[in-house]
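Asker: Encoded as structure tokens, here's the structure I'll be asking about.
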Amino acid sequence: MRILLTGSSGLLGSAIAELAIRGSHELYSAYNQHQPRSGIPLKLDLTDLSAIGRAVRKIRPDAIVHAAALTDVDRCERERDLALRVNYEATSALASAARESGAFLVYVSTDYVFNGERGLYSESDEPDPVNFYGYTKLRGEESVEELAGDYCIARASVIYGAAPASGKANFALWLIERLRRGEGARVLVDQYASPTLNSGLARMILEAAERGLGGIYHMAGADRVSRYEFAAGLCKALGLDASLLEPARMEDMGWAARRPRDSSLDVSKAAGALRAKPLRLIEALGILRGELGCSLE
Ligand SMILES: NC(=O)c1ccc[n+]([C@@H]2O[C@H](COP(=O)([O-])OP(=O)(O)OC[C@H]3O[C@@H](n4cnc5c(N)ncnc54)[C@H](OP(=O)(O)O)[C@@H]3O)[C@@H](O)[C@H]2O)c1
């Protein structure tokens, strides 16, 4: 099928692009500042709202996978107009264009739509974001529900992967690099989530696009863990020195934006509906080890 992918240079988008090309899809890889390696590159700045409709009308995709976003949570708190433009207004424009052209839309959203007071959120739980990033992503979800014809909203949580993307590392790579240099790493013991391997998430999202799976799905890792537990799991899987992990607390971080304390997701709906299942952490870390090309000593 013909797919238009936004955010194809990003951590998730690059994994979706690779998988879509392997699956022989005709892929248009939209990006802004970092040209992607897979697919037909398409420079598309999502702050230019009229360019979005033009691109969709020209390409006439069967499906649009919208994985682009302003994902820097603290930057979203400070640069609110830009965050609204990219995460909400561009999503609205894409949703309208998807309906006009009859394309199925997959919108990638986040566990940060929840306030994190409880954790293990299911799709029927009420969103209540505690920061501006979460607010803009929720507005994006609402615009998809209102404007798109057929759509899937896929909420993920703490995405990680084997390669830098969009010019930056992710938590797993940051940790691996520090520990391999023998440097300590401060890791939170009081923030919980459902860490999600990008390649596993890409499989779920591509399947949703191929099958036209409609509705909201929590597509995340299948285990709720603290950052510290996640880091300890990475150490075990990759043979890194866990004694370098330094327990830290959210209140010590001095962030511009508040974070939810426990934004872990209940993935049972996705596990029941998809052939590509949410991965257990131990499975995902084994896959990551293979993707990094390392072996345990
Ligand atoms: N990372 C996480 O832990 C996490 C957790 C839950 C949900 N999510 C969601 O998952 C999705 C993918 O996140 P990610 O971590 O893969 O993102 P990422 O690595 O930060 O990449 C962001 C992508 O968005 C593109 N982008 C940003 N501003 C743009 C603009 N003005 N015009 C066009 N493209 C623009 C970037 O393009 P260039 O690099 O080419 O500029 C890049 O491809 C997002 O919807 C995010 O909200 C992420």
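Order determines the names: the first chain of the structure tokens is A, the second B, and so forth; residues in each chain are numbered 1 upward, and ligands are numbered 1 upward as they are shown.
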Which residues are near ligand 1 - at most 6 Å, using only C-alpha atoms and all ligand atoms? Format: as a ChimeraX atom specification.
Answerer: /A:7-13,31-35,44-47,67-71,86,108-111,156-159,165-166
Asker: Taking a cut-off of 8 Å and counting only C-alpha atoms, can you build a table that, for each residue of segment 76-102 of chain A near segment 132-144 of chain A, reports the nearest atom pair and how far apart they are in Å (one decimal), sorted by chain then residue number, as CSV?
Answerer:
```
residue,atom,partner,partner_atom,distance
A:Cys76,CA,A:Tyr133,CA,5.4
A:Glu77,CA,A:Phe132,CA,5.3
A:Arg80,CA,A:Phe132,CA,7.3
A:Ala83,CA,A:Thr136,CA,6.7
A:Leu84,CA,A:Thr136,CA,5.6
A:Asn87,CA,A:Thr136,CA,5.6
A:Tyr88,CA,A:Gly140,CA,4.4
A:Glu89,CA,A:Gly140,CA,7.4
A:Thr91,CA,A:Gly140,CA,5.6
A:Ser92,CA,A:Ser143,CA,5.2
A:Ala95,CA,A:Val144,CA,5.4
```
Asker: Write a file of the just-selected residues containing N, CA and C atoms, as an mmCIF file, in the first residue's frame.
Answerer:
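The resulting file, result_19.cif, is reproduced below:
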```cif
data_model
loop_
_atom_site.group_PDB
_atom_site.id
_atom_site.type_symbol
_atom_site.label_atom_id
_atom_site.label_comp_id
_atom_site.auth_asym_id
_atom_site.auth_seq_id
_atom_site.Cartn_x
_atom_site.Cartn_y
_atom_site.Cartn_z
ATOM 1 N N CYS A 76 8.218 22.095 25.044
ATOM 2 C CA CYS A 76 6.783 22.330 24.825
ATOM 3 C C CYS A 76 6.225 23.271 25.901
ATOM 4 N N GLU A 77 6.732 23.122 27.123
ATOM 5 C CA GLU A 77 6.262 23.966 28.228
ATOM 6 C C GLU A 77 6.650 25.435 27.985
ATOM 7 N N ARG A 80 5.086 27.352 23.773
ATOM 8 C CA ARG A 80 3.733 26.815 23.699
ATOM 9 C C ARG A 80 3.094 26.991 22.321
ATOM 10 N N ALA A 83 4.515 24.310 20.131
ATOM 11 C CA ALA A 83 4.003 22.991 20.532
ATOM 12 C C ALA A 83 2.567 22.803 20.038
ATOM 13 N N LEU A 84 1.752 23.840 20.178
ATOM 14 C CA LEU A 84 0.362 23.746 19.710
ATOM 15 C C LEU A 84 0.306 23.588 18.198
ATOM 16 N N ASN A 87 1.902 19.874 17.358
ATOM 17 C CA ASN A 87 1.240 18.690 17.936
ATOM 18 C C ASN A 87 -0.288 18.722 17.767
ATOM 19 N N TYR A 88 -0.857 19.898 17.700
ATOM 20 C CA TYR A 88 -2.311 19.979 17.570
ATOM 21 C C TYR A 88 -2.754 20.464 16.187
ATOM 22 N N GLU A 89 -2.317 21.683 15.804
ATOM 23 C CA GLU A 89 -2.855 22.246 14.554
ATOM 24 C C GLU A 89 -2.440 21.412 13.338
ATOM 25 N N THR A 91 -1.800 18.287 13.334
ATOM 26 C CA THR A 91 -2.555 17.019 13.409
ATOM 27 C C THR A 91 -3.977 17.234 12.879
ATOM 28 N N SER A 92 -4.588 18.376 13.220
ATOM 29 C CA SER A 92 -5.924 18.689 12.690
ATOM 30 C C SER A 92 -5.893 18.758 11.169
ATOM 31 N N ALA A 95 -5.567 15.327 9.783
ATOM 32 C CA ALA A 95 -6.810 14.559 9.958
ATOM 33 C C ALA A 95 -7.841 14.969 8.896
#
```
Asker: Return the single residue from A:Leu49, A:Ala276, A:Leu240, A:Leu19 that is closest to Gly221 of chain A, with distances computed using only C-alpha atoms.
Answerer: A:Ala276
Asker: As an exercise, work out the distance from atom CA of Leu285 of chain A to atom CA of Pro127 of chain A in Å and give it to one decimal place.
Answerer: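 Distance between the two atoms: 29.3 Å.
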Asker: In terms of the shortest atom-to-atom distance over only C-alpha atoms, which of A:Val65, A:Ala231, A:Ala169, A:Leu197 is closest to Tyr151 of chain A?
Answerer: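 Smallest distance to Tyr151 of chain A is found for A:Val65.
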Asker: Restricting the calculation to only C-alpha atoms, which member of A:Arg227, A:Leu244, A:Asp81, A:Leu27 is positioned closest to Arg178 of chain A?
Answerer: A:Leu244
Asker: Name the residues in contact with segment 208-219 of chain A at a cut-off of 10 Å, using only C-alpha atoms, excluding same-chain residues fewer than 6 positions from it; report them as a PDB file with N, CA, C and O atoms, in the first residue's frame.
Answerer:
```pdb
ATOM      1  N   MET A   1       0.832  -1.196   0.000  1.00  0.00           N
ATOM      2  CA  MET A   1       0.000   0.000   0.000  1.00  0.00           C
ATOM      3  C   MET A   1       0.874   1.255   0.000  1.00  0.00           C
ATOM      4  O   MET A   1       2.058   1.174   0.312  1.00  0.00           O
ATOM      5  N   ILE A   3       1.931   4.606   1.635  1.00  0.00           N
ATOM      6  CA  ILE A   3       1.869   5.163   2.991  1.00  0.00           C
ATOM      7  C   ILE A   3       2.609   6.494   3.038  1.00  0.00           C
ATOM      8  O   ILE A   3       3.717   6.614   2.511  1.00  0.00           O
ATOM      9  N   HIS A  25       6.033  -1.774   0.979  1.00  0.00           N
ATOM     10  CA  HIS A  25       5.074  -0.687   0.827  1.00  0.00           C
ATOM     11  C   HIS A  25       5.725   0.449   0.033  1.00  0.00           C
ATOM     12  O   HIS A  25       6.953   0.592   0.037  1.00  0.00           O
ATOM     13  N   ASP A  62      -2.879   5.524   0.820  1.00  0.00           N
ATOM     14  CA  ASP A  62      -3.935   4.668   1.395  1.00  0.00           C
ATOM     15  C   ASP A  62      -3.987   4.872   2.902  1.00  0.00           C
ATOM     16  O   ASP A  62      -5.033   4.778   3.519  1.00  0.00           O
ATOM     17  N   ALA A  63      -2.809   5.088   3.475  1.00  0.00           N
ATOM     18  CA  ALA A  63      -2.735   5.302   4.926  1.00  0.00           C
ATOM     19  C   ALA A  63      -1.721   6.403   5.235  1.00  0.00           C
ATOM     20  O   ALA A  63      -0.722   6.563   4.534  1.00  0.00           O
ATOM     21  N   ILE A  64      -2.021   7.143   6.296  1.00  0.00           N
ATOM     22  CA  ILE A  64      -1.076   8.142   6.810  1.00  0.00           C
ATOM     23  C   ILE A  64      -0.704   7.709   8.226  1.00  0.00           C
ATOM     24  O   ILE A  64      -1.592   7.444   9.043  1.00  0.00           O
ATOM     25  N   VAL A  65       0.590   7.603   8.481  1.00  0.00           N
ATOM     26  CA  VAL A  65       1.039   7.328   9.855  1.00  0.00           C
ATOM     27  C   VAL A  65       1.690   8.606  10.362  1.00  0.00           C
ATOM     28  O   VAL A  65       2.708   9.059   9.814  1.00  0.00           O
ATOM     29  N   ALA A 103      -7.919   8.444   3.243  1.00  0.00           N
ATOM     30  CA  ALA A 103      -6.790   7.680   3.803  1.00  0.00           C
ATOM     31  C   ALA A 103      -7.085   7.296   5.251  1.00  0.00           C
ATOM     32  O   ALA A 103      -7.680   8.067   6.004  1.00  0.00           O
ATOM     33  N   PHE A 104      -6.633   6.100   5.634  1.00  0.00           N
ATOM     34  CA  PHE A 104      -6.713   5.668   7.036  1.00  0.00           C
ATOM     35  C   PHE A 104      -5.592   6.381   7.798  1.00  0.00           C
ATOM     36  O   PHE A 104      -4.459   6.421   7.338  1.00  0.00           O
ATOM     37  N   LEU A 105      -5.921   6.945   8.959  1.00  0.00           N
ATOM     38  CA  LEU A 105      -4.924   7.706   9.719  1.00  0.00           C
ATOM     39  C   LEU A 105      -4.545   6.995  11.010  1.00  0.00           C
ATOM     40  O   LEU A 105      -5.418   6.618  11.798  1.00  0.00           O
ATOM     41  N   VAL A 106      -3.245   6.789  11.195  1.00  0.00           N
ATOM     42  CA  VAL A 106      -2.762   6.327  12.506  1.00  0.00           C
ATOM     43  C   VAL A 106      -2.055   7.508  13.163  1.00  0.00           C
ATOM     44  O   VAL A 106      -1.067   8.036  12.620  1.00  0.00           O
ATOM     45  N   TYR A 107      -2.576   7.930  14.298  1.00  0.00           N
ATOM     46  CA  TYR A 107      -1.975   9.040  15.052  1.00  0.00           C
ATOM     47  C   TYR A 107      -1.245   8.467  16.263  1.00  0.00           C
ATOM     48  O   TYR A 107      -1.852   7.781  17.086  1.00  0.00           O
ATOM     49  N   VAL A 108       0.050   8.756  16.358  1.00  0.00           N
ATOM     50  CA  VAL A 108       0.823   8.248  17.497  1.00  0.00           C
ATOM     51  C   VAL A 108       0.690   9.239  18.647  1.00  0.00           C
ATOM     52  O   VAL A 108       1.023  10.422  18.517  1.00  0.00           O
ATOM     53  N   SER A 109       0.179   8.744  19.760  1.00  0.00           N
ATOM     54  CA  SER A 109       0.000   9.608  20.923  1.00  0.00           C
ATOM     55  C   SER A 109       0.792   9.052  22.106  1.00  0.00           C
ATOM     56  O   SER A 109       1.693   8.225  21.927  1.00  0.00           O
ATOM     57  N   THR A 110       0.463   9.491  23.285  1.00  0.00           N
ATOM     58  CA  THR A 110       1.379   9.289  24.414  1.00  0.00           C
ATOM     59  C   THR A 110       0.662   8.968  25.724  1.00  0.00           C
ATOM     60  O   THR A 110      -0.482   9.382  25.938  1.00  0.00           O
ATOM     61  N   ASP A 111       1.391   8.273  26.601  1.00  0.00           N
ATOM     62  CA  ASP A 111       0.929   8.035  27.970  1.00  0.00           C
ATOM     63  C   ASP A 111       0.824   9.347  28.757  1.00  0.00           C
ATOM     64  O   ASP A 111       0.167   9.401  29.791  1.00  0.00           O
ATOM     65  N   TYR A 121      -3.060   2.617  32.955  1.00  0.00           N
ATOM     66  CA  TYR A 121      -4.267   3.204  32.367  1.00  0.00           C
ATOM     67  C   TYR A 121      -4.771   2.363  31.196  1.00  0.00           C
ATOM     68  O   TYR A 121      -3.987   1.872  30.387  1.00  0.00           O
ATOM     69  N   SER A 122      -6.098   2.239  31.118  1.00  0.00           N
ATOM     70  CA  SER A 122      -6.689   1.566  29.956  1.00  0.00           C
ATOM     71  C   SER A 122      -7.284   2.638  29.038  1.00  0.00           C
ATOM     72  O   SER A 122      -7.384   3.813  29.408  1.00  0.00           O
ATOM     73  N   GLU A 123      -7.719   2.200  27.858  1.00  0.00           N
ATOM     74  CA  GLU A 123      -8.201   3.123  26.832  1.00  0.00           C
ATOM     75  C   GLU A 123      -9.459   3.856  27.284  1.00  0.00           C
ATOM     76  O   GLU A 123      -9.789   4.924  26.761  1.00  0.00           O
ATOM     77  N   SER A 124     -10.192   3.296  28.240  1.00  0.00           N
ATOM     78  CA  SER A 124     -11.434   3.953  28.672  1.00  0.00           C
ATOM     79  C   SER A 124     -11.185   4.950  29.815  1.00  0.00           C
ATOM     80  O   SER A 124     -12.102   5.645  30.245  1.00  0.00           O
ATOM     81  N   GLU A 141      -5.298  14.255  19.645  1.00  0.00           N
ATOM     82  CA  GLU A 141      -6.212  13.092  19.651  1.00  0.00           C
ATOM     83  C   GLU A 141      -7.654  13.539  19.369  1.00  0.00           C
ATOM     84  O   GLU A 141      -8.367  12.916  18.577  1.00  0.00           O
ATOM     85  N   GLU A 145     -10.237  12.429  16.345  1.00  0.00           N
ATOM     86  CA  GLU A 145     -11.567  11.844  16.563  1.00  0.00           C
ATOM     87  C   GLU A 145     -12.647  12.661  15.867  1.00  0.00           C
ATOM     88  O   GLU A 145     -13.617  12.118  15.348  1.00  0.00           O
ATOM     89  N   GLY A 149     -11.674  10.445   9.138  1.00  0.00           N
ATOM     90  CA  GLY A 149     -12.735   9.464   8.865  1.00  0.00           C
ATOM     91  C   GLY A 149     -12.435   8.202   9.650  1.00  0.00           C
ATOM     92  O   GLY A 149     -12.936   7.980  10.749  1.00  0.00           O
ATOM     93  N   ASP A 150     -11.573   7.364   9.084  1.00  0.00           N
ATOM     94  CA  ASP A 150     -11.163   6.124   9.762  1.00  0.00           C
ATOM     95  C   ASP A 150      -9.790   6.342  10.368  1.00  0.00           C
ATOM     96  O   ASP A 150      -8.860   6.771   9.677  1.00  0.00           O
ATOM     97  N   TYR A 151      -9.668   6.013  11.644  1.00  0.00           N
ATOM     98  CA  TYR A 151      -8.408   6.329  12.322  1.00  0.00           C
ATOM     99  C   TYR A 151      -8.103   5.349  13.442  1.00  0.00           C
ATOM    100  O   TYR A 151      -8.986   4.656  13.961  1.00  0.00           O
ATOM    101  N   CYS A 152      -6.826   5.327  13.804  1.00  0.00           N
ATOM    102  CA  CYS A 152      -6.366   4.609  14.989  1.00  0.00           C
ATOM    103  C   CYS A 152      -5.509   5.589  15.795  1.00  0.00           C
ATOM    104  O   CYS A 152      -4.675   6.285  15.218  1.00  0.00           O
ATOM    105  N   ILE A 153      -5.757   5.649  17.089  1.00  0.00           N
ATOM    106  CA  ILE A 153      -4.890   6.428  17.978  1.00  0.00           C
ATOM    107  C   ILE A 153      -4.059   5.420  18.764  1.00  0.00           C
ATOM    108  O   ILE A 153      -4.613   4.593  19.491  1.00  0.00           O
ATOM    109  N   ALA A 154      -2.743   5.469  18.579  1.00  0.00           N
ATOM    110  CA  ALA A 154      -1.841   4.498  19.223  1.00  0.00           C
ATOM    111  C   ALA A 154      -1.036   5.230  20.282  1.00  0.00           C
ATOM    112  O   ALA A 154      -0.173   6.047  19.952  1.00  0.00           O
ATOM    113  N   ARG A 155      -1.325   4.942  21.562  1.00  0.00           N
ATOM    114  CA  ARG A 155      -0.577   5.620  22.636  1.00  0.00           C
ATOM    115  C   ARG A 155       0.606   4.760  23.071  1.00  0.00           C
ATOM    116  O   ARG A 155       0.424   3.584  23.402  1.00  0.00           O
ATOM    117  N   ALA A 156       1.792   5.377  23.076  1.00  0.00           N
ATOM    118  CA  ALA A 156       3.007   4.677  23.502  1.00  0.00           C
ATOM    119  C   ALA A 156       3.552   5.309  24.773  1.00  0.00           C
ATOM    120  O   ALA A 156       2.955   6.251  25.318  1.00  0.00           O
ATOM    121  N   SER A 157       4.676   4.797  25.257  1.00  0.00           N
ATOM    122  CA  SER A 157       5.250   5.238  26.532  1.00  0.00           C
ATOM    123  C   SER A 157       6.765   5.043  26.479  1.00  0.00           C
ATOM    124  O   SER A 157       7.220   3.991  26.016  1.00  0.00           O
ATOM    125  N   SER A 194       5.778   2.401  30.869  1.00  0.00           N
ATOM    126  CA  SER A 194       5.776   1.112  30.155  1.00  0.00           C
ATOM    127  C   SER A 194       6.749   1.218  28.980  1.00  0.00           C
ATOM    128  O   SER A 194       6.314   1.421  27.843  1.00  0.00           O
ATOM    129  N   THR A 196       8.921   1.204  25.767  1.00  0.00           N
ATOM    130  CA  THR A 196       8.467   0.626  24.496  1.00  0.00           C
ATOM    131  C   THR A 196       9.614   0.624  23.489  1.00  0.00           C
ATOM    132  O   THR A 196      10.123   1.700  23.130  1.00  0.00           O
ATOM    133  N   GLY A 200       9.483  -2.830  18.038  1.00  0.00           N
ATOM    134  CA  GLY A 200       8.263  -3.565  18.402  1.00  0.00           C
ATOM    135  C   GLY A 200       7.029  -2.704  18.184  1.00  0.00           C
ATOM    136  O   GLY A 200       6.005  -3.165  17.660  1.00  0.00           O
ATOM    137  N   LEU A 201       7.132  -1.447  18.555  1.00  0.00           N
ATOM    138  CA  LEU A 201       6.015  -0.507  18.355  1.00  0.00           C
ATOM    139  C   LEU A 201       5.747  -0.307  16.860  1.00  0.00           C
ATOM    140  O   LEU A 201       4.589  -0.243  16.423  1.00  0.00           O
ATOM    141  N   ALA A 202       6.823  -0.234  16.080  1.00  0.00           N
ATOM    142  CA  ALA A 202       6.671  -0.066  14.628  1.00  0.00           C
ATOM    143  C   ALA A 202       5.856  -1.214  14.036  1.00  0.00           C
ATOM    144  O   ALA A 202       4.990  -1.004  13.178  1.00  0.00           O
ATOM    145  N   SER A 264       2.151   4.412  33.329  1.00  0.00           N
ATOM    146  CA  SER A 264       2.171   3.091  32.696  1.00  0.00           C
ATOM    147  C   SER A 264       0.813   2.784  32.068  1.00  0.00           C
ATOM    148  O   SER A 264      -0.223   3.310  32.493  1.00  0.00           O
ATOM    149  N   LEU A 265       0.856   1.930  31.044  1.00  0.00           N
ATOM    150  CA  LEU A 265      -0.352   1.658  30.247  1.00  0.00           C
ATOM    151  C   LEU A 265      -0.744   0.183  30.329  1.00  0.00           C
ATOM    152  O   LEU A 265       0.122  -0.701  30.283  1.00  0.00           O
ATOM    153  N   ASP A 266      -2.042  -0.053  30.404  1.00  0.00           N
ATOM    154  CA  ASP A 266      -2.592  -1.402  30.293  1.00  0.00           C
ATOM    155  C   ASP A 266      -2.672  -1.723  28.794  1.00  0.00           C
ATOM    156  O   ASP A 266      -3.385  -1.038  28.052  1.00  0.00           O
ATOM    157  N   VAL A 267      -1.937  -2.735  28.354  1.00  0.00           N
ATOM    158  CA  VAL A 267      -1.840  -3.019  26.913  1.00  0.00           C
ATOM    159  C   VAL A 267      -2.705  -4.214  26.500  1.00  0.00           C
ATOM    160  O   VAL A 267      -2.540  -4.750  25.407  1.00  0.00           O
ATOM    161  N   SER A 268      -3.651  -4.613  27.364  1.00  0.00           N
ATOM    162  CA  SER A 268      -4.368  -5.852  27.045  1.00  0.00           C
ATOM    163  C   SER A 268      -5.239  -5.733  25.782  1.00  0.00           C
ATOM    164  O   SER A 268      -5.398  -6.705  25.053  1.00  0.00           O
ATOM    165  N   LYS A 269      -5.771  -4.538  25.499  1.00  0.00           N
ATOM    166  CA  LYS A 269      -6.597  -4.394  24.293  1.00  0.00           C
ATOM    167  C   LYS A 269      -5.739  -4.624  23.034  1.00  0.00           C
ATOM    168  O   LYS A 269      -6.136  -5.376  22.136  1.00  0.00           O
ATOM    169  N   ALA A 270      -4.565  -4.020  23.001  1.00  0.00           N
ATOM    170  CA  ALA A 270      -3.667  -4.218  21.852  1.00  0.00           C
ATOM    171  C   ALA A 270      -3.211  -5.679  21.774  1.00  0.00           C
ATOM    172  O   ALA A 270      -3.130  -6.258  20.692  1.00  0.00           O
ATOM    173  N   ALA A 271      -2.932  -6.273  22.936  1.00  0.00           N
ATOM    174  CA  ALA A 271      -2.468  -7.671  22.941  1.00  0.00           C
ATOM    175  C   ALA A 271      -3.542  -8.586  22.367  1.00  0.00           C
ATOM    176  O   ALA A 271      -3.238  -9.568  21.677  1.00  0.00           O
ATOM    177  N   ALA A 273      -5.917  -7.643  20.143  1.00  0.00           N
ATOM    178  CA  ALA A 273      -6.325  -7.292  18.769  1.00  0.00           C
ATOM    179  C   ALA A 273      -5.231  -7.492  17.727  1.00  0.00           C
ATOM    180  O   ALA A 273      -5.525  -7.688  16.552  1.00  0.00           O
ATOM    181  N   LEU A 274      -3.979  -7.415  18.155  1.00  0.00           N
ATOM    182  CA  LEU A 274      -2.890  -7.394  17.175  1.00  0.00           C
ATOM    183  C   LEU A 274      -2.158  -8.733  17.098  1.00  0.00           C
ATOM    184  O   LEU A 274      -2.034  -9.435  18.107  1.00  0.00           O
ATOM    185  N   ARG A 275      -1.645  -9.041  15.922  1.00  0.00           N
ATOM    186  CA  ARG A 275      -0.762 -10.210  15.808  1.00  0.00           C
ATOM    187  C   ARG A 275       0.624  -9.849  16.364  1.00  0.00           C
ATOM    188  O   ARG A 275       1.277 -10.663  16.990  1.00  0.00           O
ATOM    189  N   ALA A 276       1.059  -8.601  16.126  1.00  0.00           N
ATOM    190  CA  ALA A 276       2.317  -8.111  16.711  1.00  0.00           C
ATOM    191  C   ALA A 276       2.003  -7.651  18.130  1.00  0.00           C
ATOM    192  O   ALA A 276       1.400  -6.611  18.323  1.00  0.00           O
ATOM    193  N   LYS A 277       2.370  -8.452  19.108  1.00  0.00           N
ATOM    194  CA  LYS A 277       1.958  -8.198  20.494  1.00  0.00           C
ATOM    195  C   LYS A 277       2.871  -7.181  21.188  1.00  0.00           C
ATOM    196  O   LYS A 277       4.074  -7.120  20.879  1.00  0.00           O
ATOM    197  N   PRO A 278       2.338  -6.465  22.189  1.00  0.00           N
ATOM    198  CA  PRO A 278       3.221  -5.676  23.061  1.00  0.00           C
ATOM    199  C   PRO A 278       4.250  -6.607  23.688  1.00  0.00           C
ATOM    200  O   PRO A 278       3.907  -7.717  24.112  1.00  0.00           O
ATOM    201  N   LEU A 279       5.504  -6.178  23.716  1.00  0.00           N
ATOM    202  CA  LEU A 279       6.590  -7.056  24.171  1.00  0.00           C
ATOM    203  C   LEU A 279       6.806  -6.955  25.676  1.00  0.00           C
ATOM    204  O   LEU A 279       6.744  -5.859  26.242  1.00  0.00           O
TER     205      LEU A 279
END
```
Asker: I need the residues in segment 135-245 of chain A that are alpha helix (DSSP H) according to DSSP; give them as a ChimeraX atom specification.
Answerer: /A:135-147,171-180,198-211,227-238
Asker: Store the residues picked out above in a file with C-alpha atoms, as a PDB file, in the first residue's frame.
Answerer:
```pdb
ATOM      1  CA  TYR A 135      -2.194  18.803  26.584  1.00  0.00           C
ATOM      2  CA  THR A 136      -1.144  19.385  22.953  1.00  0.00           C
ATOM      3  CA  LYS A 137      -1.054  15.639  22.228  1.00  0.00           C
ATOM      4  CA  LEU A 138      -4.532  15.254  23.734  1.00  0.00           C
ATOM      5  CA  ARG A 139      -5.820  18.126  21.577  1.00  0.00           C
ATOM      6  CA  GLY A 140      -4.268  16.219  18.667  1.00  0.00           C
ATOM      7  CA  GLU A 141      -6.212  13.092  19.651  1.00  0.00           C
ATOM      8  CA  GLU A 142      -9.455  15.071  19.893  1.00  0.00           C
ATOM      9  CA  SER A 143      -8.929  16.582  16.442  1.00  0.00           C
ATOM     10  CA  VAL A 144      -8.330  13.119  14.981  1.00  0.00           C
ATOM     11  CA  GLU A 145     -11.567  11.844  16.563  1.00  0.00           C
ATOM     12  CA  GLU A 146     -13.460  14.849  15.272  1.00  0.00           C
ATOM     13  CA  LEU A 147     -11.998  15.332  11.798  1.00  0.00           C
ATOM     14  CA  PHE A 171      17.291   6.982  27.273  1.00  0.00           C
ATOM     15  CA  ALA A 172      18.695   3.507  26.541  1.00  0.00           C
ATOM     16  CA  LEU A 173      21.543   4.821  24.377  1.00  0.00           C
ATOM     17  CA  TRP A 174      22.331   7.621  26.851  1.00  0.00           C
ATOM     18  CA  LEU A 175      22.576   5.088  29.659  1.00  0.00           C
ATOM     19  CA  ILE A 176      24.639   2.586  27.675  1.00  0.00           C
ATOM     20  CA  GLU A 177      27.126   5.270  26.602  1.00  0.00           C
ATOM     21  CA  ARG A 178      27.594   6.617  30.138  1.00  0.00           C
ATOM     22  CA  LEU A 179      28.017   3.217  31.759  1.00  0.00           C
ATOM     23  CA  ARG A 180      30.419   2.013  29.064  1.00  0.00           C
ATOM     24  CA  ASN A 198      10.752   1.340  18.800  1.00  0.00           C
ATOM     25  CA  SER A 199      10.979  -1.679  16.474  1.00  0.00           C
ATOM     26  CA  GLY A 200       8.263  -3.565  18.402  1.00  0.00           C
ATOM     27  CA  LEU A 201       6.015  -0.507  18.355  1.00  0.00           C
ATOM     28  CA  ALA A 202       6.671  -0.066  14.628  1.00  0.00           C
ATOM     29  CA  ARG A 203       5.344  -3.593  14.005  1.00  0.00           C
ATOM     30  CA  MET A 204       2.139  -2.862  15.922  1.00  0.00           C
ATOM     31  CA  ILE A 205       1.593   0.476  14.203  1.00  0.00           C
ATOM     32  CA  LEU A 206       2.255  -0.854  10.716  1.00  0.00           C
ATOM     33  CA  GLU A 207      -0.156  -3.730  11.344  1.00  0.00           C
ATOM     34  CA  ALA A 208      -2.808  -1.227  12.500  1.00  0.00           C
ATOM     35  CA  ALA A 209      -2.283   0.767   9.283  1.00  0.00           C
ATOM     36  CA  GLU A 210      -2.383  -2.329   7.059  1.00  0.00           C
ATOM     37  CA  ARG A 211      -5.529  -3.701   8.682  1.00  0.00           C
ATOM     38  CA  ARG A 227      13.136   4.203  35.260  1.00  0.00           C
ATOM     39  CA  TYR A 228      15.542   2.609  37.715  1.00  0.00           C
ATOM     40  CA  GLU A 229      14.125  -0.880  37.149  1.00  0.00           C
ATOM     41  CA  PHE A 230      14.279  -0.265  33.405  1.00  0.00           C
ATOM     42  CA  ALA A 231      17.910   0.820  33.688  1.00  0.00           C
ATOM     43  CA  ALA A 232      18.724  -2.230  35.841  1.00  0.00           C
ATOM     44  CA  GLY A 233      17.082  -4.449  33.189  1.00  0.00           C
ATOM     45  CA  LEU A 234      19.216  -2.813  30.496  1.00  0.00           C
ATOM     46  CA  CYS A 235      22.344  -3.459  32.572  1.00  0.00           C
ATOM     47  CA  LYS A 236      21.453  -7.109  32.989  1.00  0.00           C
ATOM     48  CA  ALA A 237      20.583  -7.633  29.320  1.00  0.00           C
ATOM     49  CA  LEU A 238      23.670  -5.836  28.018  1.00  0.00           C
TER      50      LEU A 238
END
```
Asker: Just to confirm, what's the straight-line distance from atom CA of Ser263 of chain A to atom CA of Asp190 of chain A in Å (one decimal)?
Answerer: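 Going from atom CA of Ser263 of chain A over to atom CA of Asp190 of chain A covers 11.5 Å.
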Asker: Quick one: residues within 9 Å of Gly53 of chain A, only C-alpha atoms counted, chain neighbours fewer than 2 positions away excluded, as a ChimeraX atom specification?
Answerer: /A:49-51,55-58,93-94,96-98
Asker: So that I can see what lies close to Asp262 of chain A, please list as a list in words the residues with an atom at most 10 Å from it, counting only C-alpha atoms and leaving out residues fewer than 6 positions away in the same chain.
Answerer: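 Listing them by chain and then by number gives Asp111, Tyr112, Phe114, Asn115, Gly116, Glu117, Arg118, Gly119, Leu120, Tyr121, Asp190, Gln191, Tyr192, Ala193, Ser194, Arg224, Val225 and Ser226 of chain A.
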Asker: Selected residues, C-alpha atoms, written as a tab-separated table (two decimals), in the first residue's frame, please.
Answerer:
```
chain	number	residue	atom	x	y	z
A	111	ASP	CA	0.93	8.03	27.97
A	112	TYR	CA	1.46	11.70	28.97
A	114	PHE	CA	-2.78	10.86	31.75
A	115	ASN	CA	-2.05	12.57	35.06
A	116	GLY	CA	-0.04	9.61	36.40
A	117	GLU	CA	-1.71	9.46	39.79
A	118	ARG	CA	-2.76	5.83	39.33
A	119	GLY	CA	-0.93	4.05	36.50
A	120	LEU	CA	-1.81	1.08	34.29
A	121	TYR	CA	-4.27	3.20	32.37
A	190	ASP	CA	9.84	7.17	41.58
A	191	GLN	CA	8.70	7.57	37.96
A	192	TYR	CA	6.91	4.60	36.38
A	193	ALA	CA	6.04	3.91	32.74
A	194	SER	CA	5.78	1.11	30.15
A	224	ARG	CA	5.20	-1.37	34.25
A	225	VAL	CA	8.60	-0.41	35.64
A	226	SER	CA	10.36	2.55	37.23
```
